[in-house]
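The file entry-v6.pdb comes next; it holds PDB, C-alpha atoms, pLDDT in the B column.
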```pdb
ATOM      1  CA  MET F  42     -85.932 106.386 188.362  1.00 56.00           C
ATOM      2  CA  GLY F  43     -86.097 103.082 186.484  1.00 79.00           C
ATOM      3  CA  ILE F  44     -82.774 101.506 185.613  1.00 86.00           C
ATOM      4  CA  SER F  45     -82.700  99.704 182.271  1.00 89.00           C
ATOM      5  CA  LEU F  46     -81.628  96.109 181.934  1.00 89.00           C
ATOM      6  CA  GLU F  47     -78.980  97.168 179.404  1.00 90.00           C
ATOM      7  CA  LEU F  48     -77.398  99.509 181.948  1.00 91.00           C
ATOM      8  CA  ILE F  49     -77.423  96.779 184.606  1.00 90.00           C
ATOM      9  CA  ASP F  50     -75.874  94.320 182.129  1.00 90.00           C
ATOM     10  CA  GLU F  51     -73.156  96.832 181.264  1.00 90.00           C
ATOM     11  CA  MET F  52     -72.403  97.340 184.976  1.00 90.00           C
ATOM     12  CA  ARG F  53     -72.240  93.571 185.540  1.00 90.00           C
ATOM     13  CA  LYS F  54     -70.026  93.054 182.483  1.00 90.00           C
ATOM     14  CA  ARG F  55     -67.541  95.674 183.673  1.00 89.00           C
ATOM     15  CA  THR F  56     -67.487  94.780 187.388  1.00 89.00           C
ATOM     16  CA  ASN F  57     -68.667  91.158 187.626  1.00 88.00           C
ATOM     17  CA  CYS F  58     -71.127  92.103 190.364  1.00 89.00           C
ATOM     18  CA  SER F  59     -74.582  90.635 190.969  1.00 88.00           C
ATOM     19  CA  TYR F  60     -77.773  92.000 189.388  1.00 89.00           C
ATOM     20  CA  GLN F  61     -78.962  93.224 192.757  1.00 89.00           C
ATOM     21  CA  GLU F  62     -75.705  95.007 193.522  1.00 90.00           C
ATOM     22  CA  ALA F  63     -75.588  96.584 190.060  1.00 90.00           C
ATOM     23  CA  LYS F  64     -79.197  97.792 190.356  1.00 90.00           C
ATOM     24  CA  GLU F  65     -78.663  99.251 193.837  1.00 90.00           C
ATOM     25  CA  LEU F  66     -75.476 101.076 192.862  1.00 91.00           C
ATOM     26  CA  LEU F  67     -76.995 102.461 189.651  1.00 91.00           C
ATOM     27  CA  GLU F  68     -80.118 103.632 191.499  1.00 91.00           C
ATOM     28  CA  LYS F  69     -77.963 105.256 194.176  1.00 92.00           C
ATOM     29  CA  HIS F  70     -76.075 107.197 191.484  1.00 91.00           C
ATOM     30  CA  ASN F  71     -79.170 107.974 189.369  1.00 91.00           C
ATOM     31  CA  GLY F  72     -78.057 105.755 186.474  1.00 90.00           C
ATOM     32  CA  ASP F  73     -74.498 107.156 186.307  1.00 91.00           C
ATOM     33  CA  LEU F  74     -72.521 104.076 185.280  1.00 91.00           C
ATOM     34  CA  ILE F  75     -69.097 105.558 185.992  1.00 92.00           C
ATOM     35  CA  GLU F  76     -70.013 106.661 189.528  1.00 92.00           C
ATOM     36  CA  ALA F  77     -71.538 103.236 190.250  1.00 91.00           C
ATOM     37  CA  ILE F  78     -68.381 101.477 189.017  1.00 92.00           C
ATOM     38  CA  VAL F  79     -66.149 103.764 191.103  1.00 92.00           C
ATOM     39  CA  GLU F  80     -68.155 103.031 194.260  1.00 91.00           C
ATOM     40  CA  PHE F  81     -68.131  99.310 193.507  1.00 90.00           C
ATOM     41  CA  GLU F  82     -64.318  99.406 193.159  1.00 89.00           C
ATOM     42  CA  LYS F  83     -63.996 101.284 196.453  1.00 89.00           C
ATOM     43  CA  LYS F  84     -66.066  98.592 198.166  1.00 87.00           C
ATOM     44  CA  GLN F  85     -63.931  95.874 196.608  1.00 84.00           C
ATOM     45  CA  GLY F  86     -60.666  97.601 197.499  1.00 73.00           C
ATOM     46  CA  GLY F  87     -59.956  98.569 193.895  1.00 54.00           C
ATOM     47  CA  ASN F  88     -59.932  94.910 192.898  1.00 53.00           C
ATOM     48  CA  SER F  89     -62.797  94.343 190.454  1.00 44.00           C
ATOM     49  CA  LYS F  90     -61.436  92.242 187.596  1.00 48.00           C
ATOM     50  CA  SER F  91     -63.906  90.398 185.438  1.00 44.00           C
ATOM     51  CA  LYS F  92     -64.037  86.622 185.547  1.00 45.00           C
ATOM     52  CA  LYS F  93     -63.646  86.656 181.780  1.00 44.00           C
ATOM     53  CA  ASN F  94     -60.219  88.208 182.199  1.00 48.00           C
ATOM     54  CA  GLY F  95     -59.415  85.723 184.947  1.00 48.00           C
ATOM     55  CA  ASP F  96     -59.096  87.154 188.413  1.00 52.00           C
ATOM     56  CA  ALA F  97     -55.368  87.622 187.918  1.00 57.00           C
ATOM     57  CA  SER F  98     -54.827  89.681 191.040  1.00 66.00           C
ATOM     58  CA  GLY F  99     -56.549  87.090 193.271  1.00 76.00           C
ATOM     59  CA  PHE F 100     -54.698  84.230 191.603  1.00 84.00           C
ATOM     60  CA  GLY F 101     -51.428  86.160 191.737  1.00 83.00           C
ATOM     61  CA  ARG F 102     -51.925  86.901 195.407  1.00 84.00           C
ATOM     62  CA  LYS F 103     -52.527  83.217 196.158  1.00 86.00           C
ATOM     63  CA  VAL F 104     -49.442  82.172 194.177  1.00 87.00           C
ATOM     64  CA  LYS F 105     -47.366  84.774 195.996  1.00 87.00           C
ATOM     65  CA  GLN F 106     -48.599  83.514 199.384  1.00 85.00           C
ATOM     66  CA  LEU F 107     -47.849  79.927 198.385  1.00 86.00           C
ATOM     67  CA  ILE F 108     -44.318  80.810 197.287  1.00 88.00           C
ATOM     68  CA  GLU F 109     -43.701  82.771 200.487  1.00 87.00           C
ATOM     69  CA  LYS F 110     -44.982  79.857 202.560  1.00 85.00           C
ATOM     70  CA  GLY F 111     -42.678  77.506 200.634  1.00 85.00           C
ATOM     71  CA  PHE F 112     -39.643  79.590 201.539  1.00 86.00           C
ATOM     72  CA  VAL F 113     -40.603  79.679 205.224  1.00 86.00           C
ATOM     73  CA  THR F 114     -41.355  75.937 205.380  1.00 86.00           C
ATOM     74  CA  ARG F 115     -38.101  73.979 205.663  1.00 86.00           C
ATOM     75  CA  PHE F 116     -37.061  70.447 204.684  1.00 86.00           C
ATOM     76  CA  LYS F 117     -34.585  69.054 207.220  1.00 86.00           C
ATOM     77  CA  ILE F 118     -32.477  65.928 207.480  1.00 87.00           C
ATOM     78  CA  GLU F 119     -30.866  65.327 210.879  1.00 88.00           C
ATOM     79  CA  LYS F 120     -28.697  62.673 212.504  1.00 88.00           C
ATOM     80  CA  ASP F 121     -27.892  62.666 216.238  1.00 87.00           C
ATOM     81  CA  GLN F 122     -28.993  66.294 216.763  1.00 84.00           C
ATOM     82  CA  ASN F 123     -26.765  67.423 213.842  1.00 88.00           C
ATOM     83  CA  THR F 124     -28.473  69.086 210.910  1.00 86.00           C
ATOM     84  CA  ILE F 125     -27.284  67.580 207.624  1.00 88.00           C
ATOM     85  CA  LEU F 126     -29.635  69.454 205.296  1.00 88.00           C
ATOM     86  CA  ASN F 127     -31.918  72.428 205.958  1.00 88.00           C
ATOM     87  CA  ILE F 128     -33.425  73.971 202.815  1.00 88.00           C
ATOM     88  CA  PRO F 129     -36.697  75.671 201.886  1.00 90.00           C
ATOM     89  CA  VAL F 130     -39.343  73.372 200.439  1.00 87.00           C
ATOM     90  CA  ASN F 131     -39.397  75.497 197.258  1.00 89.00           C
ATOM     91  CA  VAL F 132     -35.735  74.701 196.606  1.00 91.00           C
ATOM     92  CA  LEU F 133     -36.370  70.998 197.187  1.00 87.00           C
ATOM     93  CA  LEU F 134     -39.302  71.017 194.751  1.00 89.00           C
ATOM     94  CA  LEU F 135     -37.255  72.880 192.157  1.00 90.00           C
ATOM     95  CA  VAL F 136     -34.392  70.377 192.409  1.00 88.00           C
ATOM     96  CA  VAL F 137     -36.771  67.419 192.152  1.00 86.00           C
ATOM     97  CA  LEU F 138     -38.560  68.931 189.145  1.00 89.00           C
ATOM     98  CA  VAL F 139     -35.315  69.739 187.321  1.00 90.00           C
ATOM     99  CA  THR F 140     -33.900  66.268 187.940  1.00 89.00           C
ATOM    100  CA  MET F 141     -37.179  64.402 187.382  1.00 86.00           C
ATOM    101  CA  PRO F 142     -35.610  61.570 185.310  1.00 86.00           C
ATOM    102  CA  PHE F 143     -33.656  60.592 188.425  1.00 84.00           C
ATOM    103  CA  PHE F 144     -36.701  60.561 190.698  1.00 83.00           C
ATOM    104  CA  TRP F 145     -36.229  56.875 191.513  1.00 86.00           C
ATOM    105  CA  LEU F 146     -32.814  57.763 192.989  1.00 88.00           C
ATOM    106  CA  TYR F 147     -34.545  60.071 195.468  1.00 84.00           C
ATOM    107  CA  VAL F 148     -36.813  57.241 196.555  1.00 86.00           C
ATOM    108  CA  ILE F 149     -33.801  54.947 197.095  1.00 90.00           C
ATOM    109  CA  LEU F 150     -31.946  57.725 198.953  1.00 88.00           C
ATOM    110  CA  PHE F 151     -34.994  58.321 201.174  1.00 84.00           C
ATOM    111  CA  VAL F 152     -35.231  54.621 202.054  1.00 87.00           C
ATOM    112  CA  VAL F 153     -31.474  54.366 202.759  1.00 90.00           C
ATOM    113  CA  LEU F 154     -31.521  57.461 204.987  1.00 87.00           C
ATOM    114  CA  TYR F 155     -34.570  56.131 206.816  1.00 84.00           C
ATOM    115  CA  PHE F 156     -32.927  52.793 207.594  1.00 88.00           C
ATOM    116  CA  MET F 157     -29.648  54.493 208.583  1.00 89.00           C
ATOM    117  CA  GLY F 158     -31.504  56.363 211.345  1.00 88.00           C
ATOM    118  CA  TYR F 159     -31.652  59.840 209.834  1.00 88.00           C
ATOM    119  CA  LYS F 160     -34.601  61.999 210.848  1.00 86.00           C
ATOM    120  CA  ILE F 161     -36.411  63.555 207.904  1.00 84.00           C
ATOM    121  CA  ARG F 162     -38.671  66.447 208.854  1.00 83.00           C
ATOM    122  CA  ILE F 163     -40.668  69.261 207.366  1.00 83.00           C
ATOM    123  CA  ARG F 164     -40.790  72.303 209.649  1.00 83.00           C
ATOM    124  CA  LYS F 165     -43.797  74.515 209.001  1.00 78.00           C
ATOM    125  CA  GLU F 166     -43.732  78.287 209.369  1.00 68.00           C
ATOM    126  CA  ALA F 167     -45.292  78.267 212.852  1.00 67.00           C
ATOM    127  CA  GLY F 168     -42.572  75.939 214.157  1.00 65.00           C
ATOM    128  CA  GLU F 169     -44.749  72.839 213.894  1.00 69.00           C
ATOM    129  CA  GLU F 170     -42.838  69.848 212.570  1.00 71.00           C
ATOM    130  CA  VAL F 171     -44.006  66.981 210.416  1.00 73.00           C
ATOM    131  CA  ASP F 172     -41.794  63.995 211.173  1.00 76.00           C
ATOM    132  CA  ILE F 173     -41.618  61.896 208.020  1.00 78.00           C
ATOM    133  CA  ASN F 174     -40.066  58.999 209.957  1.00 78.00           C
ATOM    134  CA  GLU F 175     -43.112  58.795 212.244  1.00 81.00           C
ATOM    135  CA  LEU F 176     -45.444  58.812 209.257  1.00 79.00           C
ATOM    136  CA  VAL F 177     -43.512  55.947 207.654  1.00 80.00           C
ATOM    137  CA  ASP F 178     -43.447  54.002 210.941  1.00 82.00           C
ATOM    138  CA  ASP F 179     -47.208  54.479 211.432  1.00 83.00           C
ATOM    139  CA  PHE F 180     -47.890  53.411 207.858  1.00 82.00           C
ATOM    140  CA  GLY F 181     -45.642  50.357 208.277  1.00 82.00           C
ATOM    141  CA  SER F 182     -47.362  49.288 211.480  1.00 85.00           C
ATOM    142  CA  LYS F 183     -50.789  49.631 209.851  1.00 85.00           C
ATOM    143  CA  VAL F 184     -49.643  47.493 206.932  1.00 83.00           C
ATOM    144  CA  ARG F 185     -48.251  44.855 209.303  1.00 84.00           C
ATOM    145  CA  THR F 186     -51.481  44.839 211.325  1.00 87.00           C
ATOM    146  CA  ALA F 187     -53.568  44.408 208.188  1.00 83.00           C
ATOM    147  CA  ALA F 188     -51.276  41.613 206.963  1.00 82.00           C
ATOM    148  CA  ASP F 189     -51.491  39.843 210.334  1.00 83.00           C
ATOM    149  CA  LYS F 190     -55.289  40.050 210.268  1.00 81.00           C
ATOM    150  CA  MET F 191     -55.334  38.491 206.822  1.00 80.00           C
ATOM    151  CA  LYS F 192     -53.097  35.626 208.011  1.00 78.00           C
ATOM    152  CA  GLU F 193     -55.348  34.906 211.005  1.00 74.00           C
ATOM    153  CA  LYS F 194     -58.197  33.410 208.984  1.00 61.00           C
ATOM    154  CA  PRO F 195     -59.878  30.787 211.171  1.00 51.00           C
ATOM    155  CA  ALA F 196     -60.320  27.287 209.760  1.00 47.00           C
ATOM    156  CA  SER F 197     -64.037  27.421 210.387  1.00 48.00           C
ATOM    157  CA  ASP F 198     -66.639  29.595 212.039  1.00 49.00           C
ATOM    158  CA  VAL F 199     -66.828  27.128 214.951  1.00 48.00           C
ATOM    159  CA  GLN F 200     -63.149  27.640 215.759  1.00 56.00           C
ATOM    160  CA  ALA F 201     -63.558  31.427 215.526  1.00 54.00           C
ATOM    161  CA  THR F 202     -66.513  31.309 217.904  1.00 55.00           C
ATOM    162  CA  ALA F 203     -64.557  29.109 220.322  1.00 54.00           C
ATOM    163  CA  ASN F 204     -61.629  31.553 220.297  1.00 57.00           C
ATOM    164  CA  LYS F 205     -63.973  34.467 221.004  1.00 58.00           C
ATOM    165  CA  ASP F 206     -65.545  32.572 223.933  1.00 56.00           C
ATOM    166  CA  ALA F 207     -62.085  31.699 225.292  1.00 54.00           C
ATOM    167  CA  ASN F 208     -61.029  35.326 225.048  1.00 54.00           C
ATOM    168  CA  LYS F 209     -64.131  36.438 226.960  1.00 54.00           C
ATOM    169  CA  ASP F 210     -63.384  33.904 229.722  1.00 52.00           C
ATOM    170  CA  ASN F 211     -59.753  35.057 229.945  1.00 48.00           C
ATOM    171  CA  GLU F 212     -60.801  38.697 230.179  1.00 48.00           C
ATOM    172  CA  LYS F 213     -63.152  37.903 233.042  1.00 48.00           C
ATOM    173  CA  LYS F 214     -60.541  35.868 234.953  1.00 47.00           C
ATOM    174  CA  ASP F 215     -57.477  38.122 234.940  1.00 48.00           C
ATOM    175  CA  ASP F 216     -58.618  41.327 233.251  1.00 48.00           C
ATOM    176  CA  VAL F 217     -56.038  40.675 230.541  1.00 44.00           C
ATOM    177  CA  ASN F 218     -56.821  40.947 226.855  1.00 44.00           C
ATOM    178  CA  GLU F 219     -55.344  37.940 225.167  1.00 45.00           C
ATOM    179  CA  ILE F 220     -55.750  36.400 221.756  1.00 43.00           C
ATOM    180  CA  ILE F 221     -54.852  32.752 221.345  1.00 42.00           C
ATOM    181  CA  VAL F 222     -54.170  31.491 217.853  1.00 46.00           C
ATOM    182  CA  GLU F 223     -53.765  27.718 217.553  1.00 37.00           C
TER
END
```
Could you rewrite the structure in this file as structure tokens?
Amino acid sequence: MGISLELIDEMRKRTNCSYQEAKELLEKHNGDLIEAIVEFEKKQGGNSKSKKNGDASGFGRKVKQLIEKGFVTRFKIEKDQNTILNIPVNVLLLVVLVTMPFFWLYVILFVVLYFMGYKIRIRKEAGEEVDINELVDDFGSKVRTAADKMKEKPASDVQATANKDANKDNEKKDDVNEIIVE
């Protein structure tokens, strides 16, 4: 039996399936559109929203998972093994969003807590921790290294070449990596 293009288009419009899938399902059900749609929905787990309507159930499911993950993931501030603050990330985000005009105060508070020795962490749902202090320390050391490299501009290429040769000689003599800046 030949399946008309109009019937295939109607199937695609209602289920958002491919041409091939629509044709196969309609041929299997001898052109019965309703039976083809029912089988398509069974294959999809009853979840066959059109893209025109926005896949609300897929989007809703992702939002729900994100919210659940936000409640399991915790924001912690600790000092000397004592927990000062332990709240879900969702609550933290809500507080920051509600008090957005005072965002600069949070930045100042973060810097003060960091320099006072408080540990600021984000504990993920699997128990893995993201130590904010380590991230800041790593970033600071990279900035210092880059700044030091910029300061070490040799006076001329001859001096740079001489320093490289001296470093190679020092490495050969004592197996020590040494950089001499004069």
Spatial neighbours of range 174-183 of chain F, max dist 9 Å, all atoms listed in the file, sep filter under 2 positions, as a ChimeraX atom specification: /F:155,159-162,171-172,185-188
Residues matched by the PyMOL selection byres ((chain F and resi 75) around 12) as a PyMOL selection string: chain F and resi 48+51-52+55-56+63+66-67+70-74+76-82
Between CA of Val152 in chain F and CA of Val139 in chain F, distance in Å (one decimal):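 Interatomic distance, CA of Val152 in chain F to CA of Val139 in chain F: 21.1 Å.
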Two-atom distance - CA of Val136 in chain F, CA of Phe156 in chain F (Å): 23.3 Å
Contacts of Arg53 in chain F at 10 Å or less, counting only C-alpha atoms, minus same-chain residues fewer than 3 places along, as a short mmCIF file (atom, residue, chain, number, x, y, z; two decimals) with C-alpha atoms, keeping the file's coordinate frame?
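Result saved to out19.cif:
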```
data_model
loop_
_atom_site.label_atom_id
_atom_site.label_comp_id
_atom_site.auth_asym_id
_atom_site.auth_seq_id
_atom_site.Cartn_x
_atom_site.Cartn_y
_atom_site.Cartn_z
CA GLU F 47 -78.98 97.17 179.40
CA LEU F 48 -77.40 99.51 181.95
CA ILE F 49 -77.42 96.78 184.61
CA ASP F 50 -75.87 94.32 182.13
CA THR F 56 -67.49 94.78 187.39
CA ASN F 57 -68.67 91.16 187.63
CA CYS F 58 -71.13 92.10 190.36
CA SER F 59 -74.58 90.64 190.97
CA TYR F 60 -77.77 92.00 189.39
CA GLN F 61 -78.96 93.22 192.76
CA GLU F 62 -75.70 95.01 193.52
CA ALA F 63 -75.59 96.58 190.06
CA LYS F 64 -79.20 97.79 190.36
CA ILE F 78 -68.38 101.48 189.02
CA SER F 91 -63.91 90.40 185.44
#
```
Coordinates-based distance that separates CA of Lys103 in chain F from CA of Asn127 in chain F (Å, one decimal):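 Interatomic distance here is 25.2 Å.
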Distance criterion (only C-alpha atoms): nearest to Thr114 in chain F out of F:Leu46, F:Leu138, F:Ile173, F:Ile163: F:Ile163
Put a box with edges along x, y and z around all the listed atoms of range 71-81 of chain F, pad it by 3 Å on each side, then give me its centre and sizes in Å, one decimal, as AutoDock Vina command-line options.
```
--center_x -72.7 --center_y 103.6 --center_z 189.8 --size_x 19.0 --size_y 14.7 --size_z 15.0
```
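Taking all atoms listed in the file into account, Val130 in chain F lies nearest to F:Phe116 out of the set F:Phe100, F:Trp145, F:Phe116, F:Phe151.
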